[in-house]
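**Student:** Could you have a look at this structure, given as structure tokens, before my questions?
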Amino acid sequence: MNKIDVILGLQWGDEGKGKIVDYLATSYDIVARFQGGPNAGHTLKFDGNKYVLHTVPSGIFRENLINLIGNGVVLDPIVFQKELRSLEASKVMFHSRLLVSKKAHLILPTHRWLDAASEAHKGKAKIGSTLKGIGPTYMDKTGRNGIRVGDIASPDFMERYNALKNKHLELLKIYPAIDFNLDKEEAEWFDSLSALTALQVVDCEYYINDALNTGKRILAEGAQGSMLDIDFGTYPFVTSSNTITAGVCTGLGVAPQRIGRVIGITKAYCTRVGSGPFPSELLDEVGNKLREIGNEFGSTTGRPRRCGWIDIPQLKYTIMLNGVTELCMTKIDVLNAFESIGIANAYNYGGIETEIVPFDLNMNDMQSVMEMLPGWNCPLDSASQYEDLPEAALHFIRTLENHRGVRFTMTSTGPEREKLIVR
């Protein structure tokens, strides 16, 4: 029985999934996004150019490859149209290769307005939303009020749109006023629908299962990271969807037994955007150095990312949740200039040392138990295979493998497409 392989992030997002999907895509017929929305920012670099994808799957740059936006994704037509225009400007032929699920939910302008108003109202308690309307859209989805891609063709589409908009306008009355030009945003939103309706829309669950049954090779691409999962992440500082492997089943319409390889991606260190707990965070010059060398600024928001050493308990947790079968490490080259490199081996809180991720990481006395390893203090540009890496870098990788019992099959030594060591 043909199975669907999965690639997803094991931290708080920004692990470098886009590049790895792009590399793996040549082994597949279809790349499918299964959750999230335009809060994703998957960056790819090749042929001297940089590309950032927000909604479109990262297999779009591989000729002849089908790219599917699944029903678990929430889609903003305005952002989507801009992304498609950028692809057109780059001479990427996508019209026959980019499919959208009829059951994917639409982000309305008033969803973004609600997101911004809600976040502004929270003040210091804000969760660090990207203000893309993701949360309010998923709330309407679960509240059974949402509008889906397939609804655009319905005769009563405008009636449904206006009903949902009016509901949002009523909700906005509970928040302090913020600047939002609804007339302008609505005009742009309706104009952008043409780019969406020009594509093929499909019944995702039938399409994906028929493809599997006819021998097609499929890669499911996750957005954000496992620690942002709505159920198992650092709640409430999470996203609004299931970012773990289980989300593939609901986000594409496949049964659990159809899941094959699960490739988990981790940076060689940790980052986080926005608010929320981060036990191994470095609030010093070392953290600043990681941020500057790693260019740790959000590809969607531009916000500086918080930086810290790699967190073993957190990784063990997400490997368990996802059923990870193999690992990929990105940005190991960012550590080239460090004399010593940290690994958080455990947590200490309430006088207890443990490797268990607690119910609530938002504890004032939470501390990471650190181990420092020697750095390698040299570039990795000449390393084309695993054995070419400096001994200190190999020791770092082996130490992580010993902690987690899963093997690294890929190591990225730079942002470019060709800088990837496959083991």
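Just remember, in the structure tokens the first chain shown is A, the second B, etc., residues are 1-based per chain, and ligands are 1-based in the order shown.
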With 7 Å as the cut-off and only C-alpha atoms counted, what is the closest atom pair between each nearby residue of stretch 302-390 of chain A and stretch 407-414 of chain A? Distances in Å to one decimal, ordered by chain and number, as a tab-separated table.

**Tutor:**
residue	atom	partner	partner_atom	distance
A:Glu326	CA	A:Arg407	CA	5.6
A:Leu327	CA	A:Phe408	CA	4.4
A:Cys328	CA	A:Met410	CA	4.6
A:Met329	CA	A:Thr411	CA	4.8
A:Thr330	CA	A:Ser412	CA	4.6
A:Lys331	CA	A:Thr413	CA	6.0
A:Ile332	CA	A:Thr413	CA	5.8
A:Asp333	CA	A:Thr413	CA	5.1
A:Leu380	CA	A:Thr413	CA	6.5

**Student:** Pull C-alpha atoms from the residues just selected and write them as a tab-separated table (two decimals), in the first residue's frame.

**Tutor:**
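Below is the file that was written, out.tsv:
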chain	number	residue	atom	x	y	z
A	326	GLU	CA	14.44	10.30	10.61
A	327	LEU	CA	15.91	13.69	11.44
A	328	CYS	CA	17.24	16.64	9.50
A	329	MET	CA	19.40	19.35	11.06
A	330	THR	CA	19.47	22.83	9.56
A	331	LYS	CA	21.69	25.86	10.21
A	332	ILE	CA	24.58	23.93	11.74
A	333	ASP	CA	26.81	26.45	9.92
A	380	LEU	CA	31.75	23.90	6.67

**Student:** Which residues are close to stretch 217-230 of chain A, i.e. within 9 Å by only C-alpha atoms, leaving aside same-chain residues fewer than 3 positions away? Reply as a ChimeraX atom specification.

**Tutor:** /A:2-15,17-18,21,24-25,27-37,39-42,57-58,208,211-212,233-245,247-248,252,314,318,321-322

**Student:** Just want the 10 Å neighbourhood of A:Glu391, counted on only C-alpha atoms, with same-chain residues fewer than 4 positions away dropped. Output as an MDAnalysis selection string.

**Tutor:** chainID A and resid 374:376 387 395:397

**Student:** Export, as a JSON list (two decimals), in the first residue's frame, the selected residues with N, CA and C atoms.

**Tutor:**
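File produced: again-v6.json:
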[["chain", "number", "residue", "atom", "x", "y", "z"],
["A", 374, "PRO", "N", 32.43, 21.38, 22.87],
["A", 374, "PRO", "CA", 33.40, 22.21, 22.14],
["A", 374, "PRO", "C", 32.89, 22.56, 20.75],
["A", 375, "GLY", "N", 33.17, 23.80, 20.32],
["A", 375, "GLY", "CA", 32.84, 24.21, 18.96],
["A", 375, "GLY", "C", 33.91, 23.77, 17.98],
["A", 376, "TRP", "N", 33.68, 24.01, 16.68],
["A", 376, "TRP", "CA", 34.66, 23.59, 15.67],
["A", 376, "TRP", "C", 35.38, 24.76, 15.03],
["A", 387, "GLU", "N", 31.20, 12.51, 6.58],
["A", 387, "GLU", "CA", 32.53, 12.28, 7.14],
["A", 387, "GLU", "C", 33.45, 13.48, 6.97],
["A", 395, "HIS", "N", 30.75, 15.19, 16.68],
["A", 395, "HIS", "CA", 30.47, 14.88, 18.09],
["A", 395, "HIS", "C", 29.15, 15.52, 18.52],
["A", 396, "PHE", "N", 28.91, 16.74, 18.07],
["A", 396, "PHE", "CA", 27.66, 17.44, 18.36],
["A", 396, "PHE", "C", 26.47, 16.65, 17.83],
["A", 397, "ILE", "N", 26.56, 16.21, 16.58],
["A", 397, "ILE", "CA", 25.47, 15.45, 15.96],
["A", 397, "ILE", "C", 25.26, 14.12, 16.68]]

**Student:** Pick out the residues sitting within 10 Å of A:Tyr207, and hand them over as a list in words; count only C-alpha atoms, and ignore anything fewer than 6 positions along from it in its own chain.

**Tutor:**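 Residues near the query, excluding close chain neighbours: Leu68, Ser101, Asn213, Leu252 and Gly253 of chain A.
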
**Student:** Any idea what's packed within 9 Å of A:Asp22, counting only C-alpha atoms, ignoring anything in its chain fewer than 5 positions away? Could you give it as a list in words?

**Tutor:**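 Neighbouring residues, sequence-local ones excluded: Lys17, Leu44, Ser58, Gly59, Ile60, Phe61, Arg62 and Arg417 of chain A.
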
**Student:** Emit the selected residues as a PDB file, in the first residue's frame, including C-alpha atoms.

**Tutor:**
ATOM      1  CA  LYS A  17      11.407  23.225   6.013  1.00  0.00           C
ATOM      2  CA  LEU A  44      14.258  28.921  -0.549  1.00  0.00           C
ATOM      3  CA  SER A  58       7.514  24.393  -1.497  1.00  0.00           C
ATOM      4  CA  GLY A  59       7.544  21.918  -4.389  1.00  0.00           C
ATOM      5  CA  ILE A  60       6.317  24.589  -6.813  1.00  0.00           C
ATOM      6  CA  PHE A  61       9.835  25.281  -8.160  1.00  0.00           C
ATOM      7  CA  ARG A  62      10.277  21.685  -9.329  1.00  0.00           C
ATOM      8  CA  ARG A 417      19.903  24.472  -2.339  1.00  0.00           C
TER       9      ARG A 417
END

**Student:** For atom CA of A:Ile310 and atom CA of A:Lys50, quote the distance in Å rounded to one decimal.

**Tutor:**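 Going from atom CA of A:Ile310 over to atom CA of A:Lys50, I get 26.7 Å.
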
**Student:** For the atom pair atom CA of A:Thr137 and atom CA of A:Leu199, what is the interatomic distance in Å to one decimal place?

**Tutor:**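 That distance, rounded to one decimal, is 22.0 Å.
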
**Student:** Go through A:Leu84, A:Ile78, A:Leu394, A:Leu169 one by one, measure the shortest atom-to-atom distance of each to A:Leu114 using only C-alpha atoms, and give the residue with the smallest value.

**Tutor:**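 Once distances to A:Leu114 are computed over only C-alpha atoms, the minimum belongs to A:Leu169.
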
**Student:** Counting only C-alpha atoms, which residue out of A:Ala104, A:Ala246, A:Leu172, A:Ile312 sits closest to A:Ile356?

**Tutor:**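 Of A:Ala104, A:Ala246, A:Leu172, A:Ile312, the one nearest A:Ile356 is A:Ile312, counting only C-alpha atoms.
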
**Student:** Would you pick out the contacts of stretch 337-345 of chain A at 10 Å or less, using only C-alpha atoms, so that residues sharing its chain but fewer than 5 positions from it are not included, and give the list as a PDB file with N, CA and C atoms, in the first residue's frame?

**Tutor:**
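Output below, filename out-v5.pdb:
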ATOM      1  N   ALA A 268      20.049  23.571  14.578  1.00  0.00           N
ATOM      2  CA  ALA A 268      21.134  23.176  15.481  1.00  0.00           C
ATOM      3  C   ALA A 268      21.044  23.949  16.799  1.00  0.00           C
ATOM      4  N   TYR A 269      20.126  24.884  16.859  1.00  0.00           N
ATOM      5  CA  TYR A 269      19.846  25.660  18.067  1.00  0.00           C
ATOM      6  C   TYR A 269      18.339  25.903  18.067  1.00  0.00           C
ATOM      7  N   PRO A 279      12.548  27.798  27.466  1.00  0.00           N
ATOM      8  CA  PRO A 279      13.450  27.486  28.579  1.00  0.00           C
ATOM      9  C   PRO A 279      14.931  27.713  28.299  1.00  0.00           C
ATOM     10  N   SER A 280      15.392  27.457  27.067  1.00  0.00           N
ATOM     11  CA  SER A 280      16.829  27.570  26.781  1.00  0.00           C
ATOM     12  C   SER A 280      17.207  28.897  26.131  1.00  0.00           C
ATOM     13  N   VAL A 286      25.478  36.108  23.503  1.00  0.00           N
ATOM     14  CA  VAL A 286      25.498  34.845  22.747  1.00  0.00           C
ATOM     15  C   VAL A 286      24.203  34.710  21.943  1.00  0.00           C
ATOM     16  N   LYS A 289      24.354  37.047  19.090  1.00  0.00           N
ATOM     17  CA  LYS A 289      25.261  36.533  18.057  1.00  0.00           C
ATOM     18  C   LYS A 289      24.562  35.470  17.201  1.00  0.00           C
ATOM     19  N   LEU A 290      23.814  34.577  17.842  1.00  0.00           N
ATOM     20  CA  LEU A 290      23.047  33.576  17.105  1.00  0.00           C
ATOM     21  C   LEU A 290      22.064  34.250  16.147  1.00  0.00           C
ATOM     22  N   ILE A 293      24.130  36.067  13.152  1.00  0.00           N
ATOM     23  CA  ILE A 293      24.748  35.126  12.207  1.00  0.00           C
ATOM     24  C   ILE A 293      23.685  34.322  11.477  1.00  0.00           C
ATOM     25  N   GLY A 308      18.206  30.643  21.360  1.00  0.00           N
ATOM     26  CA  GLY A 308      18.760  29.900  22.490  1.00  0.00           C
ATOM     27  C   GLY A 308      19.364  28.585  22.029  1.00  0.00           C
ATOM     28  N   TRP A 309      19.926  27.848  22.966  1.00  0.00           N
ATOM     29  CA  TRP A 309      20.551  26.560  22.644  1.00  0.00           C
ATOM     30  C   TRP A 309      19.489  25.488  22.398  1.00  0.00           C
ATOM     31  N   ILE A 310      19.875  24.428  21.764  1.00  0.00           N
ATOM     32  CA  ILE A 310      18.962  23.336  21.433  1.00  0.00           C
ATOM     33  C   ILE A 310      18.446  22.678  22.714  1.00  0.00           C
ATOM     34  N   ASP A 311      17.179  22.260  22.669  1.00  0.00           N
ATOM     35  CA  ASP A 311      16.464  21.789  23.858  1.00  0.00           C
ATOM     36  C   ASP A 311      16.123  20.306  23.679  1.00  0.00           C
ATOM     37  N   ILE A 312      16.819  19.426  24.408  1.00  0.00           N
ATOM     38  CA  ILE A 312      16.644  17.981  24.255  1.00  0.00           C
ATOM     39  C   ILE A 312      15.277  17.487  24.734  1.00  0.00           C
ATOM     40  N   PRO A 313      14.802  17.866  25.936  1.00  0.00           N
ATOM     41  CA  PRO A 313      13.476  17.393  26.350  1.00  0.00           C
ATOM     42  C   PRO A 313      12.372  17.774  25.364  1.00  0.00           C
ATOM     43  N   GLN A 314      12.467  18.993  24.855  1.00  0.00           N
ATOM     44  CA  GLN A 314      11.472  19.453  23.890  1.00  0.00           C
ATOM     45  C   GLN A 314      11.530  18.619  22.610  1.00  0.00           C
ATOM     46  N   GLU A 353      14.618  17.776  38.801  1.00  0.00           N
ATOM     47  CA  GLU A 353      15.218  17.718  37.468  1.00  0.00           C
ATOM     48  C   GLU A 353      14.506  16.641  36.663  1.00  0.00           C
ATOM     49  N   THR A 354      14.068  16.993  35.471  1.00  0.00           N
ATOM     50  CA  THR A 354      13.283  16.064  34.666  1.00  0.00           C
ATOM     51  C   THR A 354      13.485  16.319  33.181  1.00  0.00           C
ATOM     52  N   GLU A 355      13.242  15.297  32.365  1.00  0.00           N
ATOM     53  CA  GLU A 355      13.236  15.437  30.912  1.00  0.00           C
ATOM     54  C   GLU A 355      11.810  15.507  30.368  1.00  0.00           C
ATOM     55  N   GLN A 367      14.172  26.298  34.719  1.00  0.00           N
ATOM     56  CA  GLN A 367      15.538  26.495  34.241  1.00  0.00           C
ATOM     57  C   GLN A 367      15.972  25.291  33.426  1.00  0.00           C
ATOM     58  N   SER A 368      16.822  25.526  32.450  1.00  0.00           N
ATOM     59  CA  SER A 368      17.386  24.435  31.661  1.00  0.00           C
ATOM     60  C   SER A 368      18.682  23.954  32.299  1.00  0.00           C
ATOM     61  N   VAL A 369      18.871  22.640  32.308  1.00  0.00           N
ATOM     62  CA  VAL A 369      20.119  22.037  32.776  1.00  0.00           C
ATOM     63  C   VAL A 369      21.035  21.880  31.561  1.00  0.00           C
ATOM     64  N   MET A 370      22.122  22.662  31.555  1.00  0.00           N
ATOM     65  CA  MET A 370      22.946  22.791  30.351  1.00  0.00           C
ATOM     66  C   MET A 370      24.186  21.907  30.368  1.00  0.00           C
ATOM     67  N   GLU A 371      24.580  21.495  29.160  1.00  0.00           N
ATOM     68  CA  GLU A 371      25.870  20.852  28.915  1.00  0.00           C
ATOM     69  C   GLU A 371      26.545  21.624  27.786  1.00  0.00           C
ATOM     70  N   MET A 372      27.817  21.936  27.938  1.00  0.00           N
ATOM     71  CA  MET A 372      28.541  22.685  26.901  1.00  0.00           C
ATOM     72  C   MET A 372      29.488  21.742  26.162  1.00  0.00           C
ATOM     73  N   LEU A 373      29.412  21.784  24.840  1.00  0.00           N
ATOM     74  CA  LEU A 373      30.283  20.980  23.979  1.00  0.00           C
ATOM     75  C   LEU A 373      31.264  21.894  23.261  1.00  0.00           C
ATOM     76  N   PRO A 374      32.431  21.376  22.875  1.00  0.00           N
ATOM     77  CA  PRO A 374      33.399  22.213  22.144  1.00  0.00           C
ATOM     78  C   PRO A 374      32.893  22.560  20.752  1.00  0.00           C
ATOM     79  N   GLY A 375      33.173  23.798  20.317  1.00  0.00           N
ATOM     80  CA  GLY A 375      32.836  24.206  18.959  1.00  0.00           C
ATOM     81  C   GLY A 375      33.914  23.768  17.979  1.00  0.00           C
ATOM     82  N   TRP A 376      33.678  24.011  16.678  1.00  0.00           N
ATOM     83  CA  TRP A 376      34.658  23.590  15.666  1.00  0.00           C
ATOM     84  C   TRP A 376      35.384  24.765  15.027  1.00  0.00           C
ATOM     85  N   ASN A 377      34.855  25.979  15.192  1.00  0.00           N
ATOM     86  CA  ASN A 377      35.568  27.206  14.802  1.00  0.00           C
ATOM     87  C   ASN A 377      36.144  27.173  13.391  1.00  0.00           C
ATOM     88  N   CYS A 378      35.366  26.722  12.459  1.00  0.00           N
ATOM     89  CA  CYS A 378      35.797  26.735  11.052  1.00  0.00           C
ATOM     90  C   CYS A 378      34.563  26.631  10.161  1.00  0.00           C
ATOM     91  N   PRO A 379      34.656  27.095   8.914  1.00  0.00           N
ATOM     92  CA  PRO A 379      33.517  26.980   8.002  1.00  0.00           C
ATOM     93  C   PRO A 379      33.299  25.528   7.572  1.00  0.00           C
ATOM     94  N   ALA A 392      34.458  17.925  15.922  1.00  0.00           N
ATOM     95  CA  ALA A 392      33.596  18.545  16.931  1.00  0.00           C
ATOM     96  C   ALA A 392      32.150  18.637  16.446  1.00  0.00           C
ATOM     97  N   PHE A 396      28.913  16.740  18.070  1.00  0.00           N
ATOM     98  CA  PHE A 396      27.659  17.441  18.363  1.00  0.00           C
ATOM     99  C   PHE A 396      26.465  16.646  17.825  1.00  0.00           C
ATOM    100  N   THR A 399      26.012  13.330  19.719  1.00  0.00           N
ATOM    101  CA  THR A 399      25.462  13.566  21.056  1.00  0.00           C
ATOM    102  C   THR A 399      23.952  13.718  21.003  1.00  0.00           C
ATOM    103  N   LEU A 400      23.466  14.463  20.010  1.00  0.00           N
ATOM    104  CA  LEU A 400      22.027  14.647  19.851  1.00  0.00           C
ATOM    105  C   LEU A 400      21.353  13.328  19.483  1.00  0.00           C
ATOM    106  N   HIS A 403      20.949  11.104  22.490  1.00  0.00           N
ATOM    107  CA  HIS A 403      19.878  11.546  23.379  1.00  0.00           C
ATOM    108  C   HIS A 403      18.517  11.087  22.874  1.00  0.00           C
TER     109      HIS A 403
END
